[in-house]
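What follows is the content of protein-v5.pdb (PDB, N, CA and C atoms).
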MODEL        1
ATOM      1  N   MET U 663      77.494   7.533 -21.736
ATOM      2  CA  MET U 663      76.359   8.081 -22.431
ATOM      3  C   MET U 663      76.814   9.324 -23.191
ATOM      4  N   ARG U 664      76.397   9.425 -24.418
ATOM      5  CA  ARG U 664      76.739  10.584 -25.242
ATOM      6  C   ARG U 664      75.655  11.635 -25.073
ATOM      7  N   CYS U 665      76.092  12.853 -24.809
ATOM      8  CA  CYS U 665      75.146  13.966 -24.696
ATOM      9  C   CYS U 665      75.792  15.202 -25.303
ATOM     10  N   VAL U 666      74.953  16.153 -25.647
ATOM     11  CA  VAL U 666      75.437  17.400 -26.246
ATOM     12  C   VAL U 666      75.179  18.529 -25.262
ATOM     13  N   ILE U 667      76.257  19.223 -24.912
ATOM     14  CA  ILE U 667      76.177  20.392 -24.038
ATOM     15  C   ILE U 667      76.983  21.491 -24.704
ATOM     16  N   ALA U 668      76.401  22.641 -24.857
ATOM     17  CA  ALA U 668      77.045  23.790 -25.515
ATOM     18  C   ALA U 668      77.469  23.420 -26.944
ATOM     19  N   ARG U 669      76.615  22.651 -27.613
ATOM     20  CA  ARG U 669      76.822  22.230 -29.002
ATOM     21  C   ARG U 669      78.019  21.304 -29.187
ATOM     22  N   PHE U 670      78.569  20.766 -28.115
ATOM     23  CA  PHE U 670      79.679  19.830 -28.212
ATOM     24  C   PHE U 670      79.261  18.483 -27.639
ATOM     25  N   PRO U 671      79.629  17.383 -28.304
ATOM     26  CA  PRO U 671      79.280  16.062 -27.773
ATOM     27  C   PRO U 671      80.241  15.646 -26.658
ATOM     28  N   PHE U 672      79.694  15.028 -25.629
ATOM     29  CA  PHE U 672      80.484  14.516 -24.514
ATOM     30  C   PHE U 672      80.035  13.099 -24.209
ATOM     31  N   ASP U 673      80.992  12.244 -23.884
ATOM     32  CA  ASP U 673      80.694  10.895 -23.413
ATOM     33  C   ASP U 673      80.827  10.925 -21.909
ATOM     34  N   LEU U 674      79.691  10.937 -21.214
ATOM     35  CA  LEU U 674      79.692  11.037 -19.760
ATOM     36  C   LEU U 674      79.237   9.724 -19.147
ATOM     37  N   THR U 675      79.815   9.397 -18.005
ATOM     38  CA  THR U 675      79.380   8.250 -17.220
ATOM     39  C   THR U 675      79.093   8.727 -15.808
ATOM     40  N   LYS U 676      78.270   7.981 -15.106
ATOM     41  CA  LYS U 676      77.946   8.349 -13.737
ATOM     42  C   LYS U 676      79.215   8.342 -12.882
ATOM     43  N   ASN U 677      80.036   7.315 -13.031
ATOM     44  CA  ASN U 677      81.286   7.257 -12.257
ATOM     45  C   ASN U 677      82.229   8.392 -12.621
ATOM     46  N   GLY U 678      82.266   8.767 -13.893
ATOM     47  CA  GLY U 678      83.115   9.873 -14.312
ATOM     48  C   GLY U 678      82.690  11.187 -13.683
ATOM     49  N   VAL U 679      81.372  11.418 -13.619
ATOM     50  CA  VAL U 679      80.859  12.636 -12.994
ATOM     51  C   VAL U 679      81.163  12.614 -11.497
ATOM     52  N   LEU U 680      80.935  11.472 -10.851
ATOM     53  CA  LEU U 680      81.239  11.353  -9.421
ATOM     54  C   LEU U 680      82.708  11.662  -9.156
ATOM     55  N   GLU U 681      83.589  11.135  -9.974
ATOM     56  CA  GLU U 681      85.028  11.360  -9.803
ATOM     57  C   GLU U 681      85.389  12.830 -10.039
ATOM     58  N   SER U 682      84.791  13.451 -11.058
ATOM     59  CA  SER U 682      85.080  14.858 -11.357
ATOM     60  C   SER U 682      84.646  15.780 -10.228
ATOM     61  N   MET U 683      83.532  15.454  -9.571
ATOM     62  CA  MET U 683      82.963  16.335  -8.554
ATOM     63  C   MET U 683      83.397  15.972  -7.142
ATOM     64  N   LYS U 684      84.218  14.948  -7.000
ATOM     65  CA  LYS U 684      84.581  14.411  -5.687
ATOM     66  C   LYS U 684      85.141  15.456  -4.727
ATOM     67  N   ASP U 685      86.084  16.256  -5.143
ATOM     68  CA  ASP U 685      86.733  17.224  -4.249
ATOM     69  C   ASP U 685      86.281  18.660  -4.500
ATOM     70  N   VAL U 686      85.158  18.833  -5.181
ATOM     71  CA  VAL U 686      84.665  20.161  -5.519
ATOM     72  C   VAL U 686      83.683  20.622  -4.448
ATOM     73  N   ARG U 687      83.933  21.800  -3.924
ATOM     74  CA  ARG U 687      83.043  22.379  -2.917
ATOM     75  C   ARG U 687      81.859  23.036  -3.622
ATOM     76  N   PRO U 688      80.623  22.717  -3.212
ATOM     77  CA  PRO U 688      79.458  23.297  -3.883
ATOM     78  C   PRO U 688      79.350  24.799  -3.661
ATOM     79  N   GLU U 689      78.989  25.504  -4.727
ATOM     80  CA  GLU U 689      78.662  26.920  -4.619
ATOM     81  C   GLU U 689      77.235  27.025  -4.091
ATOM     82  N   GLN U 690      76.822  28.219  -3.730
ATOM     83  CA  GLN U 690      75.464  28.410  -3.225
ATOM     84  C   GLN U 690      74.461  28.158  -4.342
ATOM     85  N   VAL U 691      73.441  27.373  -4.040
ATOM     86  CA  VAL U 691      72.403  27.041  -5.016
ATOM     87  C   VAL U 691      71.324  28.117  -4.977
ATOM     88  N   THR U 692      71.093  28.743  -6.123
ATOM     89  CA  THR U 692      70.042  29.758  -6.215
ATOM     90  C   THR U 692      69.033  29.418  -7.300
ATOM     91  N   GLY U 693      69.287  28.383  -8.064
ATOM     92  CA  GLY U 693      68.392  28.006  -9.154
ATOM     93  C   GLY U 693      68.376  26.505  -9.320
ATOM     94  N   GLU U 694      68.560  26.061 -10.560
ATOM     95  CA  GLU U 694      68.572  24.641 -10.850
ATOM     96  C   GLU U 694      69.746  23.974 -10.148
ATOM     97  N   SER U 695      69.537  22.721  -9.703
ATOM     98  CA  SER U 695      70.598  22.040  -8.962
ATOM     99  C   SER U 695      70.651  20.556  -9.285
ATOM    100  N   VAL U 696      71.819  19.971  -8.997
ATOM    101  CA  VAL U 696      72.052  18.547  -9.196
ATOM    102  C   VAL U 696      72.620  17.999  -7.889
ATOM    103  N   THR U 697      72.051  16.900  -7.407
ATOM    104  CA  THR U 697      72.570  16.253  -6.211
ATOM    105  C   THR U 697      73.499  15.139  -6.651
ATOM    106  N   ILE U 698      74.753  15.262  -6.231
ATOM    107  CA  ILE U 698      75.780  14.275  -6.562
ATOM    108  C   ILE U 698      76.352  13.795  -5.242
ATOM    109  N   GLY U 699      76.143  12.520  -4.949
ATOM    110  CA  GLY U 699      76.534  12.002  -3.639
ATOM    111  C   GLY U 699      75.643  12.643  -2.588
ATOM    112  N   ARG U 700      76.262  13.225  -1.582
ATOM    113  CA  ARG U 700      75.503  13.905  -0.523
ATOM    114  C   ARG U 700      75.459  15.409  -0.706
ATOM    115  N   ARG U 701      76.036  15.901  -1.778
ATOM    116  CA  ARG U 701      76.114  17.347  -1.989
ATOM    117  C   ARG U 701      75.201  17.791  -3.112
ATOM    118  N   THR U 702      74.704  19.010  -2.983
ATOM    119  CA  THR U 702      73.865  19.602  -4.018
ATOM    120  C   THR U 702      74.628  20.770  -4.636
ATOM    121  N   TYR U 703      74.783  20.711  -5.945
ATOM    122  CA  TYR U 703      75.547  21.703  -6.692
ATOM    123  C   TYR U 703      74.631  22.473  -7.635
ATOM    124  N   PRO U 704      74.956  23.746  -7.910
ATOM    125  CA  PRO U 704      74.242  24.443  -8.979
ATOM    126  C   PRO U 704      74.509  23.736 -10.310
ATOM    127  N   ALA U 705      73.509  23.643 -11.157
ATOM    128  CA  ALA U 705      73.653  22.936 -12.433
ATOM    129  C   ALA U 705      74.784  23.522 -13.271
ATOM    130  N   LYS U 706      74.908  24.834 -13.275
ATOM    131  CA  LYS U 706      75.961  25.472 -14.072
ATOM    132  C   LYS U 706      77.359  25.099 -13.565
ATOM    133  N   GLN U 707      77.521  24.939 -12.249
ATOM    134  CA  GLN U 707      78.815  24.542 -11.697
ATOM    135  C   GLN U 707      79.158  23.127 -12.164
ATOM    136  N   VAL U 708      78.189  22.233 -12.124
ATOM    137  CA  VAL U 708      78.419  20.864 -12.572
ATOM    138  C   VAL U 708      78.807  20.860 -14.047
ATOM    139  N   GLY U 709      78.076  21.608 -14.858
ATOM    140  CA  GLY U 709      78.391  21.679 -16.277
ATOM    141  C   GLY U 709      79.782  22.213 -16.544
ATOM    142  N   ARG U 710      80.167  23.226 -15.785
ATOM    143  CA  ARG U 710      81.502  23.817 -15.956
ATOM    144  C   ARG U 710      82.588  22.803 -15.628
ATOM    145  N   ILE U 711      82.436  22.076 -14.526
ATOM    146  CA  ILE U 711      83.453  21.119 -14.089
ATOM    147  C   ILE U 711      83.513  19.920 -15.028
ATOM    148  N   VAL U 712      82.360  19.380 -15.373
ATOM    149  CA  VAL U 712      82.309  18.144 -16.158
ATOM    150  C   VAL U 712      82.729  18.362 -17.607
ATOM    151  N   THR U 713      82.364  19.515 -18.188
ATOM    152  CA  THR U 713      82.658  19.745 -19.608
ATOM    153  C   THR U 713      83.881  20.618 -19.849
ATOM    154  N   GLY U 714      84.253  21.425 -18.863
ATOM    155  CA  GLY U 714      85.346  22.369 -19.072
ATOM    156  C   GLY U 714      84.910  23.589 -19.871
ATOM    157  N   GLN U 715      83.618  23.725 -20.120
ATOM    158  CA  GLN U 715      83.085  24.839 -20.903
ATOM    159  C   GLN U 715      82.770  26.032 -20.005
ATOM    160  N   ASP U 716      82.735  27.201 -20.597
ATOM    161  CA  ASP U 716      82.308  28.403 -19.895
ATOM    162  C   ASP U 716      80.810  28.293 -19.636
ATOM    163  N   PRO U 717      80.343  28.550 -18.410
ATOM    164  CA  PRO U 717      78.913  28.414 -18.112
ATOM    165  C   PRO U 717      78.003  29.308 -18.958
ATOM    166  N   ARG U 718      78.556  30.342 -19.559
ATOM    167  CA  ARG U 718      77.739  31.199 -20.423
ATOM    168  C   ARG U 718      77.422  30.522 -21.749
ATOM    169  N   ASP U 719      78.150  29.427 -22.056
ATOM    170  CA  ASP U 719      77.976  28.750 -23.341
ATOM    171  C   ASP U 719      76.884  27.682 -23.338
ATOM    172  N   PHE U 720      76.345  27.332 -22.163
ATOM    173  CA  PHE U 720      75.319  26.291 -22.113
ATOM    174  C   PHE U 720      74.233  26.685 -21.118
ATOM    175  N   SER U 721      73.106  26.028 -21.239
ATOM    176  CA  SER U 721      71.999  26.313 -20.321
ATOM    177  C   SER U 721      71.992  25.282 -19.191
ATOM    178  N   ALA U 722      71.383  25.668 -18.086
ATOM    179  CA  ALA U 722      71.230  24.739 -16.973
ATOM    180  C   ALA U 722      70.372  23.559 -17.401
ATOM    181  N   GLY U 723      69.423  23.784 -18.291
ATOM    182  CA  GLY U 723      68.564  22.712 -18.785
ATOM    183  C   GLY U 723      69.337  21.614 -19.484
ATOM    184  N   GLU U 724      70.369  21.984 -20.251
ATOM    185  CA  GLU U 724      71.198  20.981 -20.919
ATOM    186  C   GLU U 724      71.876  20.081 -19.898
ATOM    187  N   VAL U 725      72.390  20.691 -18.831
ATOM    188  CA  VAL U 725      73.067  19.933 -17.781
ATOM    189  C   VAL U 725      72.070  19.047 -17.044
ATOM    190  N   LEU U 726      70.899  19.598 -16.722
ATOM    191  CA  LEU U 726      69.884  18.822 -16.007
ATOM    192  C   LEU U 726      69.447  17.606 -16.813
ATOM    193  N   ARG U 727      69.252  17.766 -18.113
ATOM    194  CA  ARG U 727      68.854  16.625 -18.951
ATOM    195  C   ARG U 727      69.919  15.540 -18.932
ATOM    196  N   ALA U 728      71.180  15.944 -19.067
ATOM    197  CA  ALA U 728      72.268  14.958 -19.085
ATOM    198  C   ALA U 728      72.398  14.261 -17.730
ATOM    199  N   MET U 729      72.353  15.035 -16.651
ATOM    200  CA  MET U 729      72.533  14.444 -15.317
ATOM    201  C   MET U 729      71.343  13.554 -14.937
ATOM    202  N   THR U 730      70.144  13.919 -15.387
ATOM    203  CA  THR U 730      68.972  13.084 -15.131
ATOM    204  C   THR U 730      69.114  11.748 -15.853
ATOM    205  N   ARG U 731      69.584  11.784 -17.085
ATOM    206  CA  ARG U 731      69.785  10.537 -17.845
ATOM    207  C   ARG U 731      70.842   9.653 -17.204
ATOM    208  N   LEU U 732      71.789  10.263 -16.489
ATOM    209  CA  LEU U 732      72.816   9.480 -15.791
ATOM    210  C   LEU U 732      72.323   8.956 -14.443
ATOM    211  N   GLY U 733      71.162   9.411 -14.004
ATOM    212  CA  GLY U 733      70.596   8.908 -12.764
ATOM    213  C   GLY U 733      70.765   9.801 -11.552
ATOM    214  N   PHE U 734      71.229  11.023 -11.747
ATOM    215  CA  PHE U 734      71.375  11.952 -10.624
ATOM    216  C   PHE U 734      70.043  12.653 -10.365
ATOM    217  N   THR U 735      69.841  13.079  -9.121
ATOM    218  CA  THR U 735      68.632  13.823  -8.760
ATOM    219  C   THR U 735      68.832  15.286  -9.144
ATOM    220  N   CYS U 736      67.914  15.796  -9.940
ATOM    221  CA  CYS U 736      67.999  17.182 -10.400
ATOM    222  C   CYS U 736      66.746  17.929  -9.981
ATOM    223  N   ARG U 737      66.925  19.197  -9.677
ATOM    224  CA  ARG U 737      65.793  20.047  -9.281
ATOM    225  C   ARG U 737      65.827  21.318 -10.116
ATOM    226  N   THR U 738      64.636  21.737 -10.526
ATOM    227  CA  THR U 738      64.534  22.992 -11.265
ATOM    228  C   THR U 738      64.469  24.140 -10.280
ATOM    229  N   ALA U 739      64.598  25.348 -10.791
ATOM    230  CA  ALA U 739      64.564  26.538  -9.933
ATOM    231  C   ALA U 739      63.195  26.654  -9.291
ATOM    232  N   PRO U 740      63.150  27.018  -8.010
ATOM    233  CA  PRO U 740      61.839  27.214  -7.381
ATOM    234  C   PRO U 740      61.128  28.398  -8.009
ATOM    235  N   ALA U 741      59.825  28.294  -8.067
ATOM    236  CA  ALA U 741      59.023  29.393  -8.624
ATOM    237  C   ALA U 741      59.123  30.604  -7.710
ATOM    238  N   ALA U 742      59.063  31.773  -8.304
ATOM    239  CA  ALA U 742      59.131  33.003  -7.512
ATOM    240  C   ALA U 742      57.921  33.063  -6.592
ATOM    241  N   ALA U 743      58.152  33.462  -5.377
ATOM    242  CA  ALA U 743      57.071  33.540  -4.397
ATOM    243  C   ALA U 743      56.142  34.696  -4.736
ATOM    244  N   GLU U 744      54.878  34.431  -4.632
ATOM    245  CA  GLU U 744      53.881  35.481  -4.845
ATOM    246  C   GLU U 744      53.836  36.378  -3.622
ATOM    247  N   PRO U 745      53.740  37.679  -3.820
ATOM    248  CA  PRO U 745      53.660  38.566  -2.661
ATOM    249  C   PRO U 745      52.390  38.275  -1.868
ATOM    250  N   THR U 746      52.510  38.343  -0.563
ATOM    251  CA  THR U 746      51.351  38.129   0.291
ATOM    252  C   THR U 746      50.987  39.425   0.981
ATOM    253  N   GLY U 747      49.743  39.521   1.366
ATOM    254  CA  GLY U 747      49.296  40.726   2.062
ATOM    255  C   GLY U 747      48.916  41.817   1.085
ATOM    256  N   PRO U 748      48.534  42.959   1.629
ATOM    257  CA  PRO U 748      48.090  44.059   0.772
ATOM    258  C   PRO U 748      49.254  44.671  -0.007
ATOM    259  N   SER U 749      48.924  45.252  -1.120
ATOM    260  CA  SER U 749      49.919  45.903  -1.950
ATOM    261  C   SER U 749      50.437  47.160  -1.241
ATOM    262  N   PRO U 750      51.732  47.429  -1.288
ATOM    263  CA  PRO U 750      52.263  48.625  -0.638
ATOM    264  C   PRO U 750      52.001  49.906  -1.430
ATOM    265  N   ILE U 751      51.512  49.786  -2.656
ATOM    266  CA  ILE U 751      51.329  50.968  -3.499
ATOM    267  C   ILE U 751      50.271  51.925  -2.945
ATOM    268  N   PRO U 752      49.071  51.460  -2.562
ATOM    269  CA  PRO U 752      48.096  52.420  -2.028
ATOM    270  C   PRO U 752      48.597  53.119  -0.761
ATOM    271  N   GLN U 753      49.277  52.379   0.096
ATOM    272  CA  GLN U 753      49.785  52.975   1.335
ATOM    273  C   GLN U 753      50.849  54.018   1.018
ATOM    274  N   THR U 754      51.722  53.726   0.091
ATOM    275  CA  THR U 754      52.760  54.677  -0.290
ATOM    276  C   THR U 754      52.146  55.917  -0.923
ATOM    277  N   SER U 755      51.150  55.718  -1.778
ATOM    278  CA  SER U 755      50.473  56.861  -2.403
ATOM    279  C   SER U 755      49.832  57.759  -1.352
ATOM    280  N   ALA U 756      49.204  57.132  -0.364
ATOM    281  CA  ALA U 756      48.560  57.918   0.703
ATOM    282  C   ALA U 756      49.602  58.707   1.472
ATOM    283  N   LEU U 757      50.734  58.118   1.782
ATOM    284  CA  LEU U 757      51.791  58.826   2.505
ATOM    285  C   LEU U 757      52.328  60.002   1.687
ATOM    286  N   LEU U 758      52.492  59.811   0.409
ATOM    287  CA  LEU U 758      52.989  60.882  -0.444
ATOM    288  C   LEU U 758      51.987  62.033  -0.538
ATOM    289  N   GLU U 759      50.699  61.710  -0.596
ATOM    290  CA  GLU U 759      49.669  62.755  -0.627
ATOM    291  C   GLU U 759      49.677  63.567   0.650
ATOM    292  N   VAL U 760      49.834  62.913   1.801
ATOM    293  CA  VAL U 760      49.855  63.616   3.089
ATOM    294  C   VAL U 760      51.033  64.576   3.117
ATOM    295  N   ARG U 761      52.189  64.113   2.654
ATOM    296  CA  ARG U 761      53.382  64.982   2.666
ATOM    297  C   ARG U 761      53.244  66.129   1.676
ATOM    298  N   ALA U 762      52.608  65.878   0.530
ATOM    299  CA  ALA U 762      52.443  66.935  -0.477
ATOM    300  C   ALA U 762      51.482  68.010   0.006
ATOM    301  N   ASN U 763      50.479  67.630   0.796
ATOM    302  CA  ASN U 763      49.473  68.576   1.288
ATOM    303  C   ASN U 763      49.936  69.294   2.570
ATOM    304  N   ALA U 764      51.004  68.843   3.175
ATOM    305  CA  ALA U 764      51.444  69.450   4.446
ATOM    306  C   ALA U 764      52.182  70.740   4.249
TER     307      ALA U 764
ENDMDL
END

Please re-express this file's structure in structure tokens.
Amino acid sequence: MRCVIARFPFDLTKNGVLESMKDVRPEQVTGESVTIGRRTYPAKQVGRIVTGQDPRDFSAGEVLRAMTRLGFTCRTAPAAAEPTGPSPIPQTSALLEVRANA
């Protein structure tokens, strides 16, 4: 399959990606990820290995689109968790007022 990553065309196959990633140890996943075999890799790591490009030259989205078209399971970055409970700002303000008045 022909795809464009970092403005360069690549002919990628599922078997080619599997072979490229076979002996690669996954880095810690903190954002977008691709599951290849039984391992889950950061999308940027997969892009770096498969294309040989610097990860700063392409987006994780480009890699996810290509890997999805090849049939790999891809996940986007989890949404940031919303803070729960009361805001710490009023409590901090109250503590600062007590110290200022002491």

Apply the PyMOL selection byres ((chain U and resi 669-685) around 8) to the displayed file and report the matching residues as a PyMOL selection string. chain U and resi 663-668+686-688+698-699+708+711-713+719-720+731-734

Report, in Å to a single decimal, how far apart atom N of Thr702 of chain U and atom CA of Gly723 of chain U are.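 Atom CA of Gly723 of chain U sits 17.4 Å away from atom N of Thr702 of chain U.
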
Of the listed residues U:Gln753, U:Cys736, U:Val691, U:Ala728, that which approaches Pro704 of chain U most closely, counting only C-alpha atoms: U:Val691

Report the distance between atom C of Thr735 of chain U and atom C of Val696 of chain U in Å, rounded to one decimal place.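 Going from atom C of Thr735 of chain U over to atom C of Val696 of chain U covers 4.8 Å.
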
Residue nearest Thr738 of chain U among U:Asp716, U:Glu689, U:Glu694, U:Glu759 (counting all atoms listed in the file):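 Looking at the shortest contact to Thr738 of chain U, the residue is U:Glu694.
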
As a PyMOL selection string, please: every residue in chain U that DSSP puts in helix (DSSP H, G or I). chain U and resi 676-683+705-713+717-719+722-731+750-763

Would you work out the distance separating atom N of Ser721 of chain U from atom C of Gln707 of chain U, expressed in Å to one decimal?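 We find that atom N of Ser721 of chain U and atom C of Gln707 of chain U lie 11.3 Å from each other.
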
Return the single residue from U:Ile751, U:Leu758, U:Ala705, U:Ala722 that is closest to Thr692 of chain U, with distances computed using only N, CA and C atoms.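 Looking at the shortest contact to Thr692 of chain U, the residue is U:Ala705.
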